[in-house]
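Structure file data.cif; described as mmCIF, C-alpha atoms.
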```cif
data_upload
#
loop_
_atom_site.label_atom_id
_atom_site.label_comp_id
_atom_site.auth_asym_id
_atom_site.auth_seq_id
_atom_site.Cartn_x
_atom_site.Cartn_y
_atom_site.Cartn_z
CA MET A 861 0.00 0.00 0.00
CA ASP A 862 1.43 3.41 -0.91
CA LYS A 863 1.73 6.12 1.73
CA GLN A 864 -1.09 8.22 0.31
CA THR A 865 -3.51 5.32 0.59
CA ALA A 866 -2.14 4.47 4.03
CA ILE A 867 -2.73 8.04 5.23
CA HIS A 868 -6.28 7.93 3.87
CA GLU A 869 -7.04 4.62 5.56
CA TYR A 870 -5.47 5.71 8.85
CA LEU A 871 -7.46 8.95 9.00
CA LYS A 872 -10.69 7.21 8.01
CA LYS A 873 -10.26 4.44 10.57
CA HIS A 874 -8.83 6.33 13.56
CA LEU A 875 -9.42 10.05 13.23
CA VAL A 876 -13.06 10.73 12.34
CA GLY A 877 -14.26 14.13 13.56
CA LYS A 878 -12.53 17.28 14.71
CA SER A 879 -12.23 16.02 18.27
CA ARG A 880 -9.92 13.25 17.02
CA ALA A 881 -7.59 15.51 14.97
CA ILE A 882 -3.88 14.73 14.75
CA PHE A 883 -1.09 17.26 14.38
CA SER A 884 0.86 17.33 11.13
CA ARG A 885 4.14 16.49 12.88
CA ASP A 886 2.58 13.36 14.38
CA LEU A 887 1.38 12.18 10.95
CA GLN A 888 4.84 12.93 9.55
CA ARG A 889 6.39 10.78 12.24
CA LEU A 890 3.88 7.96 11.75
CA PHE A 891 4.42 7.77 7.99
CA CYS A 892 8.11 8.75 7.94
CA ILE A 893 7.59 11.72 5.60
CA ASP A 894 8.37 15.43 5.74
CA GLY A 895 5.76 18.17 6.06
CA ARG A 896 5.84 19.15 2.40
CA THR A 897 5.25 15.57 1.27
CA LEU A 898 2.41 15.17 3.76
CA ARG A 899 0.69 18.33 2.49
CA ARG A 900 1.04 17.13 -1.10
CA LYS A 901 -0.48 13.76 -0.25
CA ILE A 902 -3.33 15.34 1.73
CA ASN A 903 -4.04 17.75 -1.13
CA ALA A 904 -4.01 14.91 -3.68
CA LEU A 905 -6.53 13.01 -1.55
CA ARG A 906 -8.72 16.10 -1.26
CA LYS A 907 -8.59 16.55 -5.05
CA ASP A 908 -9.91 12.99 -5.33
CA GLY A 909 -12.85 13.90 -3.08
CA VAL A 910 -11.60 12.40 0.17
CA PRO A 911 -13.07 14.52 3.00
CA ILE A 912 -9.89 15.26 4.94
CA CYS A 913 -10.35 18.35 7.04
CA SER A 914 -7.86 20.45 8.95
CA ASP A 915 -7.63 23.37 11.32
CA GLU A 916 -5.42 24.50 14.18
CA SER A 917 -6.01 21.15 15.91
CA GLY A 918 -4.63 19.17 12.98
CA TYR A 919 -5.91 16.81 10.27
CA TYR A 920 -8.98 14.62 10.58
CA TYR A 921 -11.52 12.74 8.49
CA ALA A 922 -14.82 14.64 8.23
CA GLN A 923 -17.61 13.42 10.45
CA HIS A 924 -20.24 15.78 9.01
CA GLN A 925 -20.76 18.47 6.37
CA GLN A 926 -20.04 21.40 8.71
CA GLU A 927 -16.47 20.18 9.23
CA ILE A 928 -15.97 20.12 5.45
CA ASN A 929 -17.50 23.61 5.13
CA ASP A 930 -15.24 24.97 7.87
CA THR A 931 -12.15 23.57 6.14
CA VAL A 932 -13.20 24.97 2.77
CA CYS A 933 -13.72 28.38 4.38
CA ARG A 934 -10.28 28.24 6.03
CA LEU A 935 -8.61 27.24 2.75
CA ASN A 936 -10.38 30.10 0.94
CA GLY A 937 -8.97 32.48 3.53
CA LEU A 938 -5.47 31.15 2.89
CA LEU A 939 -5.94 31.63 -0.85
CA THR A 940 -7.04 35.23 -0.31
CA THR A 941 -4.00 35.91 1.86
CA MET A 942 -1.67 34.45 -0.78
CA SER A 943 -3.39 36.41 -3.53
CA ASN A 944 -2.98 39.63 -1.55
CA ALA A 945 0.72 38.90 -1.04
CA ARG A 946 1.14 38.25 -4.77
CA THR A 947 -0.62 41.52 -5.59
CA GLY A 948 1.67 43.36 -3.19
CA LEU A 949 4.73 41.89 -4.86
CA LEU A 950 3.43 42.85 -8.29
CA PHE A 951 2.85 46.39 -7.04
CA ALA A 952 6.35 46.46 -5.55
CA SER A 953 7.80 45.48 -8.91
CA ILE A 954 6.60 48.71 -10.49
CA LEU A 955 8.15 50.72 -7.66
CA VAL A 956 11.65 49.30 -8.18
CA PRO A 957 14.09 51.94 -9.49
CA ALA A 958 14.56 51.95 -13.28
CA ALA A 959 18.16 50.71 -12.93
CA SER A 960 16.90 47.44 -11.50
CA LYS A 961 15.45 44.84 -13.78
CA VAL A 962 12.58 42.79 -12.43
CA GLU A 963 11.27 39.78 -14.30
CA LEU A 964 8.04 38.25 -13.14
CA THR A 965 6.60 34.90 -14.23
CA ILE A 966 3.23 33.65 -13.05
CA LYS A 967 2.49 29.99 -13.64
CA ILE A 968 -1.03 28.75 -13.14
CA GLU A 969 -1.72 25.03 -13.32
#
```
Turn the structure described in the file into structure tokens.
Amino acid sequence: MDKQTAIHEYLKKHLVGKSRAIFSRDLQRLFCIDGRTLRRKINALRKDGVPICSDESGYYYAQHQQEINDTVCRLNGLLTTMSNARTGLLFASILVPAASKVELTIKIE
């Protein structure tokens, strides 16, 4: 079984509902992976429709729709924050003195 499937099965079996959430570092330790890899695997599962939720208490398998809604709302807030930071950087690029060359590439997948 690959680690992504193992993470899915573990969350579904042992961590249903917000009250059973597990911190990222504990999942990393359990599956011997780094934080970046864990986030990628969680995001891949979410893309496939697996209801893995998260908040300040950690990751957990959704017990009901409100937990999914809360996670979606939190993720939307993170996207807004990142978008605002990107906009600020774009604005900063036009304020750079003429002697400095700034090249900006935006890649959307």
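Distances here use all atoms listed in the file; by that measure, the residue among A:Lys907, A:Phe891, A:Gly948, A:Leu935 closest to Asp862 of chain A is A:Phe891.
You can rank A:Gly918, A:Gly937, A:Gly909, A:Gly895 by their closest distance to Ile882 of chain A using only C-alpha atoms, and at the top of that list sits A:Gly918.
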Would you list the contacts of Arg946 of chain A as a count of residues only, taking every protein, DNA or RNA residue within 12 Å and counting all atoms listed in the file, but skipping same-chain residues closer than 5 positions in sequence? 9
Restricting the calculation to all atoms listed in the file: of A:Val910, A:Ile968, A:Cys892, A:Ile867, which residue gets closest to Ala922 of chain A? A:Val910
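What separates atom CA of Cys913 of chain A from atom CA of Ala866 of chain A is a distance of 16.4 Å.
With all atoms listed in the file as the atoms that count, the residue of A:Met861, A:Leu898, A:Ala904, A:Ile912 with the shortest distance to Leu875 of chain A is A:Ile912.
Atom CA of Val932 of chain A lies 22.4 Å from atom CA of Thr947 of chain A.
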To one decimal place, how far is atom CA of Glu916 of chain A from atom CA of Arg885 of chain A in Å? 12.5 Å
Residue with smallest distance to Gln864 of chain A - pool A:Thr897, A:Thr931, A:Gln925, A:Ser917, counting all atoms listed in the file: A:Thr897
Which centre and which edge lengths, in Å to one decimal, describe the axis-aligned box that holds all listed atoms of segment 915-930 of chain A after 8 Å is added on each side, as lines of an AutoDock Vina configuration file?
```
center_x = -12.7
center_y = 18.9
center_z = 10.5
size_x = 32.1
size_y = 28.2
size_z = 26.8
```
Ground truth for the PyMOL selection byres ((chain A and resi 876) around 10), written as a VMD selection string: chain A and resid 870 to 875 877 to 881 912 to 913 919 to 924
Would you kindly return, as a ChimeraX atom specification, each protein, DNA or RNA residue with an atom no farther than 10 Å from any atom of Arg899 of chain A, considering all atoms listed in the file and excluding same-chain residues fewer than 5 positions away? /A:884,888,894,904-905
Can you complete the atoms of segment 941-952 of chain A to all heavy atoms and list them as a PDB file, keeping the file's coordinate frame?
```pdb
ATOM      1  N   THR A 941      -5.242  35.365   1.293  1.00  0.00           N
ATOM      2  CA  THR A 941      -4.000  35.910   1.860  1.00  0.00           C
ATOM      3  C   THR A 941      -2.854  35.796   0.867  1.00  0.00           C
ATOM      4  O   THR A 941      -2.085  36.745   0.670  1.00  0.00           O
ATOM      5  CB  THR A 941      -3.650  35.181   3.170  1.00  0.00           C
ATOM      6  OG1 THR A 941      -4.721  35.356   4.088  1.00  0.00           O
ATOM      7  CG2 THR A 941      -2.368  35.705   3.776  1.00  0.00           C
ATOM      8  N   MET A 942      -2.735  34.641   0.215  1.00  0.00           N
ATOM      9  CA  MET A 942      -1.670  34.450  -0.780  1.00  0.00           C
ATOM     10  C   MET A 942      -1.872  35.368  -1.984  1.00  0.00           C
ATOM     11  O   MET A 942      -0.913  35.936  -2.510  1.00  0.00           O
ATOM     12  CB  MET A 942      -1.611  32.992  -1.215  1.00  0.00           C
ATOM     13  CG  MET A 942      -1.101  32.073  -0.128  1.00  0.00           C
ATOM     14  SD  MET A 942      -1.135  30.336  -0.610  1.00  0.00           S
ATOM     15  CE  MET A 942       0.032  30.330  -1.926  1.00  0.00           C
ATOM     16  N   SER A 943      -3.093  35.536  -2.404  1.00  0.00           N
ATOM     17  CA  SER A 943      -3.390  36.410  -3.530  1.00  0.00           C
ATOM     18  C   SER A 943      -3.025  37.857  -3.199  1.00  0.00           C
ATOM     19  O   SER A 943      -2.466  38.574  -4.030  1.00  0.00           O
ATOM     20  CB  SER A 943      -4.870  36.312  -3.897  1.00  0.00           C
ATOM     21  OG  SER A 943      -5.177  37.201  -4.943  1.00  0.00           O
ATOM     22  N   ASN A 944      -3.327  38.278  -1.982  1.00  0.00           N
ATOM     23  CA  ASN A 944      -2.980  39.630  -1.550  1.00  0.00           C
ATOM     24  C   ASN A 944      -1.466  39.834  -1.510  1.00  0.00           C
ATOM     25  O   ASN A 944      -0.963  40.887  -1.892  1.00  0.00           O
ATOM     26  CB  ASN A 944      -3.597  39.944  -0.193  1.00  0.00           C
ATOM     27  CG  ASN A 944      -5.109  40.065  -0.247  1.00  0.00           C
ATOM     28  OD1 ASN A 944      -5.695  40.240  -1.308  1.00  0.00           O
ATOM     29  ND2 ASN A 944      -5.748  39.941   0.893  1.00  0.00           N
ATOM     30  N   ALA A 945      -0.742  38.822  -1.066  1.00  0.00           N
ATOM     31  CA  ALA A 945       0.720  38.900  -1.040  1.00  0.00           C
ATOM     32  C   ALA A 945       1.268  38.995  -2.462  1.00  0.00           C
ATOM     33  O   ALA A 945       2.166  39.796  -2.749  1.00  0.00           O
ATOM     34  CB  ALA A 945       1.306  37.687  -0.324  1.00  0.00           C
ATOM     35  N   ARG A 946       0.720  38.204  -3.372  1.00  0.00           N
ATOM     36  CA  ARG A 946       1.140  38.250  -4.770  1.00  0.00           C
ATOM     37  C   ARG A 946       0.883  39.637  -5.362  1.00  0.00           C
ATOM     38  O   ARG A 946       1.730  40.207  -6.037  1.00  0.00           O
ATOM     39  CB  ARG A 946       0.410  37.183  -5.578  1.00  0.00           C
ATOM     40  CG  ARG A 946       0.895  37.108  -7.029  1.00  0.00           C
ATOM     41  CD  ARG A 946      -0.073  36.394  -7.905  1.00  0.00           C
ATOM     42  NE  ARG A 946      -1.287  37.203  -7.914  1.00  0.00           N
ATOM     43  CZ  ARG A 946      -2.448  36.797  -8.358  1.00  0.00           C
ATOM     44  NH1 ARG A 946      -2.606  35.609  -8.823  1.00  0.00           N
ATOM     45  NH2 ARG A 946      -3.499  37.587  -8.331  1.00  0.00           N
ATOM     46  N   THR A 947      -0.283  40.189  -5.091  1.00  0.00           N
ATOM     47  CA  THR A 947      -0.620  41.520  -5.590  1.00  0.00           C
ATOM     48  C   THR A 947       0.350  42.562  -5.051  1.00  0.00           C
ATOM     49  O   THR A 947       0.800  43.445  -5.784  1.00  0.00           O
ATOM     50  CB  THR A 947      -2.069  41.886  -5.203  1.00  0.00           C
ATOM     51  OG1 THR A 947      -2.950  40.908  -5.766  1.00  0.00           O
ATOM     52  CG2 THR A 947      -2.446  43.269  -5.698  1.00  0.00           C
ATOM     53  N   GLY A 948       0.697  42.442  -3.775  1.00  0.00           N
ATOM     54  CA  GLY A 948       1.670  43.360  -3.190  1.00  0.00           C
ATOM     55  C   GLY A 948       3.018  43.270  -3.861  1.00  0.00           C
ATOM     56  O   GLY A 948       3.672  44.284  -4.115  1.00  0.00           O
ATOM     57  N   LEU A 949       3.447  42.063  -4.162  1.00  0.00           N
ATOM     58  CA  LEU A 949       4.730  41.890  -4.860  1.00  0.00           C
ATOM     59  C   LEU A 949       4.683  42.472  -6.263  1.00  0.00           C
ATOM     60  O   LEU A 949       5.644  43.087  -6.734  1.00  0.00           O
ATOM     61  CB  LEU A 949       5.118  40.418  -4.913  1.00  0.00           C
ATOM     62  CG  LEU A 949       5.663  39.844  -3.616  1.00  0.00           C
ATOM     63  CD1 LEU A 949       5.821  38.335  -3.744  1.00  0.00           C
ATOM     64  CD2 LEU A 949       6.985  40.483  -3.256  1.00  0.00           C
ATOM     65  N   LEU A 950       3.571  42.269  -6.952  1.00  0.00           N
ATOM     66  CA  LEU A 950       3.430  42.850  -8.290  1.00  0.00           C
ATOM     67  C   LEU A 950       3.487  44.371  -8.222  1.00  0.00           C
ATOM     68  O   LEU A 950       4.131  45.025  -9.040  1.00  0.00           O
ATOM     69  CB  LEU A 950       2.114  42.395  -8.940  1.00  0.00           C
ATOM     70  CG  LEU A 950       2.057  40.938  -9.365  1.00  0.00           C
ATOM     71  CD1 LEU A 950       0.635  40.562  -9.760  1.00  0.00           C
ATOM     72  CD2 LEU A 950       3.016  40.665 -10.503  1.00  0.00           C
ATOM     73  N   PHE A 951       2.828  44.943  -7.229  1.00  0.00           N
ATOM     74  CA  PHE A 951       2.850  46.390  -7.040  1.00  0.00           C
ATOM     75  C   PHE A 951       4.273  46.864  -6.735  1.00  0.00           C
ATOM     76  O   PHE A 951       4.743  47.866  -7.268  1.00  0.00           O
ATOM     77  CB  PHE A 951       1.895  46.799  -5.922  1.00  0.00           C
ATOM     78  CG  PHE A 951       1.831  48.278  -5.704  1.00  0.00           C
ATOM     79  CD1 PHE A 951       1.221  49.106  -6.629  1.00  0.00           C
ATOM     80  CD2 PHE A 951       2.375  48.851  -4.561  1.00  0.00           C
ATOM     81  CE1 PHE A 951       1.167  50.477  -6.437  1.00  0.00           C
ATOM     82  CE2 PHE A 951       2.325  50.212  -4.355  1.00  0.00           C
ATOM     83  CZ  PHE A 951       1.712  51.033  -5.295  1.00  0.00           C
ATOM     84  N   ALA A 952       4.972  46.103  -5.895  1.00  0.00           N
ATOM     85  CA  ALA A 952       6.350  46.460  -5.550  1.00  0.00           C
ATOM     86  C   ALA A 952       7.248  46.445  -6.773  1.00  0.00           C
ATOM     87  O   ALA A 952       8.187  47.230  -6.885  1.00  0.00           O
ATOM     88  CB  ALA A 952       6.894  45.514  -4.485  1.00  0.00           C
TER      89      ALA A 952
END
```
